[in-house]
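File shown: target.txt. Contents: compact mmCIF, C-alpha atoms.
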# COMPACT_ATOMS: atom_id res chain seq x y z
CA MET A 1 -38.70 -29.44 -23.03
CA LYS A 2 -42.41 -29.74 -22.35
CA ALA A 3 -43.45 -28.97 -18.80
CA ALA A 4 -45.79 -31.34 -17.02
CA SER A 5 -48.84 -30.29 -15.04
CA ASN A 6 -49.09 -28.79 -11.58
CA ARG A 7 -46.99 -30.33 -8.82
CA ARG A 8 -49.47 -30.78 -5.99
CA SER A 9 -48.43 -29.96 -2.45
CA ALA A 10 -47.02 -33.06 -0.76
CA VAL A 11 -46.37 -31.91 2.82
CA ALA A 12 -48.98 -29.24 3.58
CA GLY A 13 -50.60 -30.28 6.85
CA SER A 14 -47.46 -32.06 8.07
CA PHE A 15 -44.36 -29.91 7.54
CA TYR A 16 -46.41 -26.70 7.56
CA SER A 17 -50.03 -25.64 7.93
CA ALA A 18 -52.49 -26.51 5.18
CA ASP A 19 -54.66 -23.58 6.28
CA PRO A 20 -53.81 -20.59 4.03
CA GLY A 21 -54.60 -18.04 6.74
CA VAL A 22 -52.51 -19.76 9.42
CA LEU A 23 -49.67 -20.36 6.97
CA LEU A 24 -49.64 -16.75 5.82
CA ARG A 25 -49.54 -15.44 9.41
CA GLU A 26 -46.70 -17.76 10.37
CA VAL A 27 -44.61 -16.99 7.29
CA ARG A 28 -45.11 -13.24 7.66
CA PHE A 29 -44.12 -13.47 11.33
CA TRP A 30 -40.84 -15.25 10.58
CA LEU A 31 -40.08 -12.91 7.68
CA SER A 32 -40.62 -9.89 9.91
CA GLU A 33 -37.25 -10.47 11.60
CA ALA A 34 -34.30 -10.67 9.23
CA ALA A 35 -31.10 -12.35 10.43
CA ARG A 36 -29.20 -9.46 8.79
CA PRO A 37 -30.39 -6.24 7.13
CA PRO A 38 -31.71 -7.18 3.66
CA ALA A 39 -29.09 -6.92 0.93
CA PRO A 40 -28.45 -8.18 -2.61
CA ALA A 41 -27.12 -11.73 -2.63
CA PHE A 42 -26.09 -14.39 -5.09
CA GLY A 43 -27.23 -17.24 -2.90
CA VAL A 44 -28.56 -18.40 0.45
CA MET A 45 -28.60 -21.68 2.38
CA VAL A 46 -31.72 -22.50 4.40
CA PRO A 47 -32.97 -25.57 6.32
CA HIS A 48 -35.97 -27.62 5.22
CA ALA A 49 -37.46 -29.26 8.30
CA GLY A 50 -40.99 -28.82 9.55
CA TYR A 51 -41.74 -25.19 10.31
CA ALA A 52 -41.99 -25.86 14.04
CA TYR A 53 -38.28 -26.70 13.99
CA SER A 54 -36.73 -24.55 11.27
CA GLY A 55 -39.37 -22.13 9.95
CA SER A 56 -37.87 -19.24 11.88
CA ILE A 57 -34.33 -19.84 10.57
CA CYS A 58 -35.56 -20.20 7.01
CA GLY A 59 -37.67 -17.05 7.25
CA HIS A 60 -34.97 -14.97 8.92
CA ALA A 61 -32.47 -15.97 6.22
CA LEU A 62 -34.75 -15.29 3.27
CA ALA A 63 -35.72 -11.93 4.78
CA SER A 64 -32.00 -11.09 4.68
CA VAL A 65 -31.71 -11.28 0.89
CA GLU A 66 -33.37 -9.44 -1.97
CA VAL A 67 -35.49 -11.97 -3.84
CA GLY A 68 -35.69 -11.19 -7.53
CA PRO A 69 -38.14 -12.56 -10.08
CA ARG A 70 -36.18 -15.78 -10.67
CA VAL A 71 -34.97 -18.38 -8.13
CA LEU A 72 -33.06 -21.63 -8.58
CA ILE A 73 -33.57 -24.11 -5.73
CA LEU A 74 -30.94 -26.83 -5.27
CA HIS A 75 -31.98 -29.40 -2.70
CA THR A 76 -31.08 -32.71 -1.14
CA LYS A 77 -32.06 -35.79 -3.12
CA HIS A 78 -34.29 -37.53 -0.57
CA GLN A 79 -36.42 -39.39 -3.09
CA ALA A 80 -35.35 -42.13 -5.51
CA GLY A 81 -35.70 -41.66 -9.24
CA GLY A 82 -34.30 -39.34 -11.85
CA GLY A 83 -30.57 -38.73 -12.18
CA LEU A 84 -28.00 -37.37 -9.76
CA LEU A 85 -28.99 -33.89 -10.91
CA SER A 86 -32.71 -34.19 -11.50
CA LEU A 87 -34.38 -31.09 -12.95
CA ALA A 88 -38.09 -30.76 -12.21
CA ASP A 89 -40.36 -30.46 -15.23
CA TYR A 90 -43.55 -29.04 -13.74
CA ALA A 91 -45.39 -26.02 -15.04
CA THR A 92 -46.40 -24.93 -11.52
CA TRP A 93 -45.82 -25.86 -7.88
CA GLU A 94 -48.80 -25.75 -5.51
CA THR A 95 -48.86 -24.52 -1.92
CA PRO A 96 -51.84 -23.46 0.21
CA LEU A 97 -50.98 -19.87 -0.81
CA GLY A 98 -51.47 -20.64 -4.52
CA ASN A 99 -49.26 -21.79 -7.36
CA VAL A 100 -45.67 -20.84 -8.12
CA ASN A 101 -44.80 -20.79 -11.80
CA CYS A 102 -41.80 -22.61 -13.24
CA ASP A 103 -39.31 -20.36 -15.02
CA ALA A 104 -39.31 -22.00 -18.42
CA ARG A 105 -36.29 -20.06 -19.67
CA LEU A 106 -34.04 -21.01 -16.75
CA THR A 107 -35.29 -24.59 -16.76
CA GLU A 108 -34.50 -24.88 -20.46
CA ALA A 109 -31.00 -23.47 -19.93
CA LEU A 110 -30.28 -25.87 -17.07
CA ALA A 111 -31.58 -28.81 -19.08
CA GLY A 112 -28.67 -28.26 -21.45
CA VAL A 113 -26.03 -28.76 -18.75
CA HIS A 114 -24.17 -32.06 -19.12
CA GLY A 115 -25.18 -34.36 -16.26
CA VAL A 116 -28.59 -32.80 -15.66
CA THR A 117 -31.61 -34.98 -16.41
CA CYS A 118 -35.20 -33.77 -16.70
CA SER A 119 -37.38 -35.89 -14.44
CA ASN A 120 -40.10 -35.35 -11.86
CA ALA A 121 -39.45 -38.73 -10.24
CA ALA A 122 -37.25 -37.20 -7.55
CA HIS A 123 -39.65 -34.36 -6.80
CA SER A 124 -43.20 -35.71 -6.50
CA ARG A 125 -43.14 -36.20 -2.70
CA ASP A 126 -39.95 -34.42 -1.63
CA HIS A 127 -40.35 -31.61 0.91
CA ALA A 128 -36.99 -29.85 0.54
CA ALA A 129 -38.02 -27.37 -2.16
CA GLU A 130 -41.70 -27.20 -1.24
CA VAL A 131 -41.16 -25.83 2.28
CA VAL A 132 -39.22 -22.86 0.86
CA LEU A 133 -41.99 -21.81 -1.52
CA PRO A 134 -44.44 -20.08 0.88
CA PHE A 135 -41.64 -17.74 1.98
CA LEU A 136 -40.87 -16.87 -1.63
CA GLN A 137 -44.55 -16.34 -2.37
CA VAL A 138 -44.84 -13.76 0.40
CA LEU A 139 -41.55 -12.04 -0.39
CA ARG A 140 -42.04 -12.02 -4.16
CA PRO A 141 -45.56 -12.97 -5.35
CA ASP A 142 -44.48 -13.01 -9.01
CA VAL A 143 -41.46 -15.27 -8.42
CA LYS A 144 -40.69 -18.05 -10.89
CA ILE A 145 -38.54 -21.04 -10.01
CA ALA A 146 -36.42 -23.89 -11.30
CA VAL A 147 -35.75 -26.84 -9.00
CA ILE A 148 -32.98 -29.43 -9.07
CA SER A 149 -32.64 -32.44 -6.76
CA VAL A 150 -28.92 -32.92 -6.13
CA GLY A 151 -27.45 -36.33 -5.40
CA ARG A 152 -23.83 -37.24 -4.72
CA PHE A 153 -21.89 -36.48 -7.89
CA ASP A 154 -18.14 -36.89 -8.43
CA ASP A 155 -16.28 -34.21 -6.50
CA GLU A 156 -14.09 -33.60 -9.56
CA ASP A 157 -17.18 -32.43 -11.47
CA LEU A 158 -17.85 -29.56 -9.07
CA PRO A 159 -15.90 -26.81 -10.92
CA ARG A 160 -17.42 -27.79 -14.29
CA LEU A 161 -20.93 -27.92 -12.90
CA GLY A 162 -20.55 -24.62 -11.09
CA SER A 163 -19.35 -22.92 -14.27
CA ALA A 164 -22.10 -24.49 -16.38
CA PHE A 165 -24.82 -23.59 -13.88
CA ALA A 166 -23.49 -20.02 -13.69
CA ASN A 167 -23.61 -19.73 -17.48
CA ALA A 168 -27.19 -21.00 -17.50
CA VAL A 169 -28.17 -18.46 -14.84
CA LYS A 170 -26.40 -15.61 -16.65
CA SER A 171 -28.11 -16.49 -19.93
CA CYS A 172 -31.46 -15.80 -18.25
CA GLY A 173 -30.50 -12.50 -16.64
CA GLY A 174 -29.60 -13.86 -13.20
CA ALA A 175 -31.29 -15.73 -10.34
CA LEU A 176 -31.07 -16.10 -6.59
CA ILE A 177 -29.70 -19.57 -5.84
CA ILE A 178 -31.09 -21.31 -2.77
CA ALA A 179 -29.45 -24.38 -1.27
CA SER A 180 -31.97 -26.31 0.85
CA SER A 181 -30.17 -28.40 3.46
CA ASP A 182 -30.29 -29.52 7.06
CA MET A 183 -27.06 -30.14 9.00
CA ASN A 184 -25.93 -33.14 11.09
CA HIS A 185 -28.56 -35.75 11.96
CA TYR A 186 -29.43 -37.90 14.99
CA GLU A 187 -26.59 -37.30 17.39
CA SER A 188 -26.65 -35.29 20.60
CA HIS A 189 -27.17 -31.54 20.66
CA MET A 190 -23.56 -30.81 21.61
CA GLN A 191 -22.10 -33.34 19.15
CA THR A 192 -24.21 -31.90 16.37
CA LEU A 193 -23.28 -28.30 17.12
CA GLU A 194 -19.60 -29.27 17.17
CA LYS A 195 -19.76 -31.25 13.93
CA ASP A 196 -21.81 -28.58 12.22
CA GLU A 197 -19.26 -25.92 13.12
CA HIS A 198 -16.57 -27.85 11.24
CA ALA A 199 -18.73 -27.89 8.11
CA LEU A 200 -19.83 -24.27 8.56
CA ALA A 201 -16.20 -23.15 8.84
CA HIS A 202 -15.62 -24.36 5.27
CA LEU A 203 -18.87 -22.77 4.17
CA ALA A 204 -17.81 -19.44 5.69
CA ALA A 205 -14.42 -19.76 3.96
CA PHE A 206 -16.17 -20.24 0.59
CA ASP A 207 -14.49 -23.64 0.38
CA ALA A 208 -16.90 -25.97 -1.43
CA PRO A 209 -14.41 -28.86 -1.89
CA GLY A 210 -13.41 -28.57 1.78
CA LEU A 211 -17.05 -28.72 2.82
CA LEU A 212 -17.53 -32.01 0.99
CA LYS A 213 -14.27 -33.51 2.30
CA THR A 214 -15.02 -32.51 5.89
CA CYS A 215 -18.54 -33.94 5.79
CA GLU A 216 -17.14 -37.23 4.50
CA HIS A 217 -14.05 -37.52 6.69
CA GLU A 218 -15.74 -36.36 9.91
CA ASP A 219 -18.99 -38.24 9.30
CA ILE A 220 -21.13 -35.10 9.27
CA SER A 221 -24.54 -36.10 7.94
CA MET A 222 -25.34 -32.73 6.32
CA CYS A 223 -27.96 -34.00 3.88
CA GLY A 224 -27.57 -31.16 1.38
CA ALA A 225 -23.79 -30.95 1.34
CA TYR A 226 -23.63 -31.45 -2.41
CA ALA A 227 -26.47 -29.04 -3.08
CA THR A 228 -24.73 -26.45 -0.90
CA ALA A 229 -21.34 -27.05 -2.52
CA LEU A 230 -22.93 -26.62 -5.95
CA MET A 231 -24.58 -23.38 -4.81
CA LEU A 232 -21.19 -22.13 -3.57
CA GLU A 233 -19.37 -23.07 -6.76
CA THR A 234 -22.08 -21.52 -8.95
CA THR A 235 -22.26 -18.27 -7.01
CA HIS A 236 -18.46 -18.03 -7.01
CA ALA A 237 -18.50 -18.32 -10.80
CA LEU A 238 -21.12 -15.55 -10.85
CA GLY A 239 -18.84 -13.23 -8.88
CA ALA A 240 -19.70 -13.85 -5.22
CA SER A 241 -16.86 -13.52 -2.74
CA CYS A 242 -18.34 -13.58 0.79
CA VAL A 243 -20.30 -16.07 2.90
CA GLU A 244 -21.96 -15.02 6.17
CA ILE A 245 -23.23 -17.66 8.57
CA LEU A 246 -26.55 -16.28 9.80
CA GLU A 247 -27.98 -18.68 12.39
CA HIS A 248 -27.25 -22.14 13.79
CA THR A 249 -29.20 -24.34 16.19
CA THR A 250 -30.68 -27.83 16.50
CA SER A 251 -34.10 -29.37 16.96
CA GLY A 252 -33.34 -29.87 20.67
CA PRO A 253 -34.70 -26.58 22.02
CA THR A 254 -38.01 -27.21 20.22
CA SER A 255 -38.46 -30.94 20.78
CA GLY A 256 -36.91 -31.12 24.25
CA ASP A 257 -34.89 -34.14 23.09
CA TYR A 258 -31.20 -33.23 23.23
CA GLU A 259 -29.91 -36.75 22.56
CA GLN A 260 -31.22 -37.27 19.00
CA VAL A 261 -31.29 -33.93 17.18
CA VAL A 262 -31.01 -32.44 13.71
CA GLY A 263 -28.89 -29.37 13.10
CA TYR A 264 -30.22 -26.32 11.27
CA ALA A 265 -28.18 -23.41 9.90
CA SER A 266 -28.45 -20.61 7.37
CA ALA A 267 -25.97 -18.59 5.35
CA ARG A 268 -25.94 -15.67 2.89
CA VAL A 269 -23.61 -15.52 -0.12
CA SER A 270 -22.77 -12.12 -1.58

Representation of the structure as structure tokens:
Amino acid sequence: MKAASNRRSAVAGSFYSADPGVLLREVRFWLSEAARPPAPAFGVMVPHAGYAYSGSICGHALASVEVGPRVLILHTKHQAGGGLLSLADYATWETPLGNVNCDARLTEALAGVHGVTCSNAAHSRDHAAEVVLPFLQVLRPDVKIAVISVGRFDDEDLPRLGSAFANAVKSCGGALIIASSDMNHYESHMQTLEKDEHALAHLAAFDAPGLLKTCEHEDISMCGAYATALMLETTHALGASCVEILEHTTSGPTSGDYEQVVGYASARVS
């Protein structure tokens, strides 16, 4: 697989500061307070809204895990194009803090998984992976990444995909797996907290199929449910056995609008 050129920043100046100095100060501030004492982890779920809303939760969660040299980011498929599992094919990803290199070995291994397609169509303007990168750059300046946009695949494929993704990760010597997802969207603060708790209960129970069923049956608009379920199934196949919910809130306290909110939560998988 031949990697394309640099993926230019798409949301610097909107989701987070385009000023390198301001961005570095903000990211360091949020990383200075871990949600839990840092520990080895197989995976982590973080939100992907603008930093004003979810930067603190994202930073606190990532400060709670040990970030190694290789990271796989699974995120919501916001953007049309590519397949249901669209693997980015960039050589580097740009942020105001510099470029993050693609991990060619992991990307090549994932490209061999049945159902994964190599395409940048789903990644050129999507924010869900990009907003995570400045935190990784500060925590691990030499980090290399692979990024997959995850659409709604057949639930029956989850065990096969989790096993195949785990084998790809193991073949490269391991990777931290990040699921980038927000929680329920555009209902009241109390409704969102209540709905989110139903989904988070399955997450805490390490129940990926239950997470997907609950989101569907209870109309919980967790945008990255499939990305998170795939992270859970993959980390389980790698040997993980515990999920800790770290933080949970909504956009209400920041925006002042408690009638139309988005939920944000984080979790650590070990």

One decimal, in Å: what's the spacing between atom CA of Pro209 of chain A and atom CA of His60 of chain A?
27.1 Å

Excluding Ala80 of chain A and its own-chain neighbours fewer than 3 positions away, which residues fall within 10 Å of it when counting all atoms listed in the file? Please give them as a PyMOL selection string.
chain A and resi 77+83-84+121-123+126+151

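Considering only C-alpha atoms, the residue among A:Met222, A:Cys118, A:Val262, A:Val138 positioned nearest to Tyr186 of chain A is A:Val262.
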
So which residues are close to (-34.2, -24.5, 2.1), meaning at most 10 Å away in the file's coordinates with all atoms listed in the file counted, and can you show them as number ranges by chain?
A: 44-49, 54-55, 57-59, 61-62, 73-76, 127-133, 178-182, 224, 265-266

Mind pulling up the distance from atom CA of Thr192 of chain A to atom CA of Gln260 of chain A?
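Distance reported for this atom pair: 9.2 Å.
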
Could you tell me which of A:Ser270, A:Ser64, A:Ser9, A:Gln79 comes closest to Leu238 of chain A if we count all atoms listed in the file?
A:Ser270

Might you pull out every residue within 9 Å of Ala166 of chain A, with only C-alpha atoms counted and same-chain residues fewer than 6 positions away left off, and present them as a VMD selection string?
chain A and resid 174 233 to 238

Which of these residues is nearest to Thr249 of chain A, using all atoms listed in the file: A:Ala10, A:Met231, A:Met190, A:Ala164?
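Using all atoms listed in the file, Thr249 of chain A sits closest to A:Met190.
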
Between atom CA of Ala229 of chain A and atom CA of Trp30 of chain A, distance in Å (one decimal):
26.3 Å

Counting only C-alpha atoms, the residue of A:Ala267, A:Ala201, A:Val261, A:Val113 that sits nearest Leu246 of chain A:
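For Leu246 of chain A, the nearest of the candidates is A:Ala267.
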
Box along x, y and z, 8 Å on every side, all listed atoms of segment 68-85 of chain A inside: centre and edge lengths in Å to one decimal, as JSON.
{"center_x": -33.1, "center_y": -26.7, "center_z": -6.4, "size_x": 26.1, "size_y": 46.9, "size_z": 27.6}

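When all atoms listed in the file are used to compute distances to Pro37 of chain A, the closest of the residues A:Val169, A:Arg268, A:Phe206, A:Glu216 turns out to be A:Arg268.
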
Between A:Arg125, A:Lys195, A:Lys144, A:Arg7, which has the minimum distance to His248 of chain A (counting only C-alpha atoms)?
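When distances to His248 of chain A are compared using only C-alpha atoms, the smallest one comes from A:Lys195.
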
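Residues with any atom within 8 Å of Pro38 of chain A, counting all atoms listed in the file and excluding same-chain neighbours fewer than 6 positions away, are Ala63, Ser64, Val65 and Glu66 of chain A.
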
For the selection you just gave me, I'd like the residues written to a file as a compact mmCIF listing (two decimals), keeping the file's coordinate frame, keeping C-alpha atoms.
# COMPACT_ATOMS: atom_id res chain seq x y z
CA ALA A 63 -35.72 -11.93 4.78
CA SER A 64 -32.00 -11.09 4.68
CA VAL A 65 -31.71 -11.28 0.89
CA GLU A 66 -33.37 -9.44 -1.97

Which residues, written as a PyMOL selection string, have at least one atom at most 12 Å from Gln137 of chain A, with all atoms listed in the file counted and residues fewer than 3 positions away on the same chain left out?
chain A and resi 23-24+27-28+31+59+62+67-71+93-101+130-134+140-145

Using the incomplete input, complete segment 27-51 of chain A to the level of N, CA and C atoms; output as a short mmCIF file (atom, residue, chain, number, x, y, z; two decimals), keeping the file's coordinate frame.
data_model
loop_
_atom_site.label_atom_id
_atom_site.label_comp_id
_atom_site.auth_asym_id
_atom_site.auth_seq_id
_atom_site.Cartn_x
_atom_site.Cartn_y
_atom_site.Cartn_z
N VAL A 27 -45.69 -17.37 8.19
CA VAL A 27 -44.61 -16.99 7.29
C VAL A 27 -44.30 -15.50 7.42
N ARG A 28 -45.33 -14.68 7.48
CA ARG A 28 -45.11 -13.24 7.66
C ARG A 28 -44.40 -12.94 8.98
N PHE A 29 -44.75 -13.68 10.02
CA PHE A 29 -44.12 -13.47 11.33
C PHE A 29 -42.63 -13.75 11.25
N TRP A 30 -42.25 -14.90 10.66
CA TRP A 30 -40.84 -15.25 10.58
C TRP A 30 -40.08 -14.31 9.64
N LEU A 31 -40.73 -13.84 8.61
CA LEU A 31 -40.08 -12.91 7.68
C LEU A 31 -39.95 -11.51 8.26
N SER A 32 -40.65 -11.24 9.33
CA SER A 32 -40.62 -9.89 9.91
C SER A 32 -39.31 -9.60 10.64
N GLU A 33 -38.51 -10.64 10.88
CA GLU A 33 -37.25 -10.47 11.60
C GLU A 33 -36.11 -11.06 10.77
N ALA A 34 -35.40 -10.20 10.05
CA ALA A 34 -34.30 -10.67 9.23
C ALA A 34 -33.08 -10.98 10.09
N ALA A 35 -32.33 -12.02 9.71
CA ALA A 35 -31.10 -12.35 10.43
C ALA A 35 -30.05 -11.25 10.24
N ARG A 36 -30.06 -10.60 9.09
CA ARG A 36 -29.20 -9.46 8.79
C ARG A 36 -30.03 -8.46 8.00
N PRO A 37 -29.66 -7.19 7.97
CA PRO A 37 -30.39 -6.24 7.13
C PRO A 37 -30.43 -6.74 5.68
N PRO A 38 -31.59 -6.66 5.03
CA PRO A 38 -31.71 -7.18 3.66
C PRO A 38 -30.69 -6.55 2.72
N ALA A 39 -30.12 -7.39 1.86
CA ALA A 39 -29.09 -6.92 0.93
C ALA A 39 -29.10 -7.81 -0.31
N PRO A 40 -28.58 -7.32 -1.42
CA PRO A 40 -28.45 -8.18 -2.61
C PRO A 40 -27.58 -9.38 -2.29
N ALA A 41 -27.89 -10.51 -2.87
CA ALA A 41 -27.12 -11.73 -2.63
C ALA A 41 -27.16 -12.60 -3.87
N PHE A 42 -26.12 -13.40 -4.03
CA PHE A 42 -26.09 -14.39 -5.09
C PHE A 42 -26.78 -15.68 -4.66
N GLY A 43 -26.68 -15.98 -3.36
CA GLY A 43 -27.23 -17.24 -2.90
C GLY A 43 -27.52 -17.23 -1.42
N VAL A 44 -28.22 -18.27 -0.97
CA VAL A 44 -28.56 -18.40 0.45
C VAL A 44 -28.77 -19.88 0.74
N MET A 45 -28.32 -20.33 1.91
CA MET A 45 -28.60 -21.68 2.38
C MET A 45 -29.64 -21.62 3.48
N VAL A 46 -30.66 -22.46 3.39
CA VAL A 46 -31.72 -22.50 4.40
C VAL A 46 -32.03 -23.95 4.74
N PRO A 47 -32.57 -24.21 5.95
CA PRO A 47 -32.97 -25.57 6.32
C PRO A 47 -34.34 -25.91 5.74
N HIS A 48 -34.70 -27.19 5.83
CA HIS A 48 -35.97 -27.62 5.22
C HIS A 48 -36.77 -28.58 6.11
N ALA A 49 -36.67 -28.42 7.40
CA ALA A 49 -37.46 -29.26 8.30
C ALA A 49 -38.88 -28.72 8.43
N GLY A 50 -39.69 -29.37 9.25
CA GLY A 50 -40.99 -28.82 9.55
C GLY A 50 -40.86 -27.44 10.15
N TYR A 51 -41.84 -26.59 9.89
CA TYR A 51 -41.74 -25.19 10.31
C TYR A 51 -41.59 -25.04 11.81
#
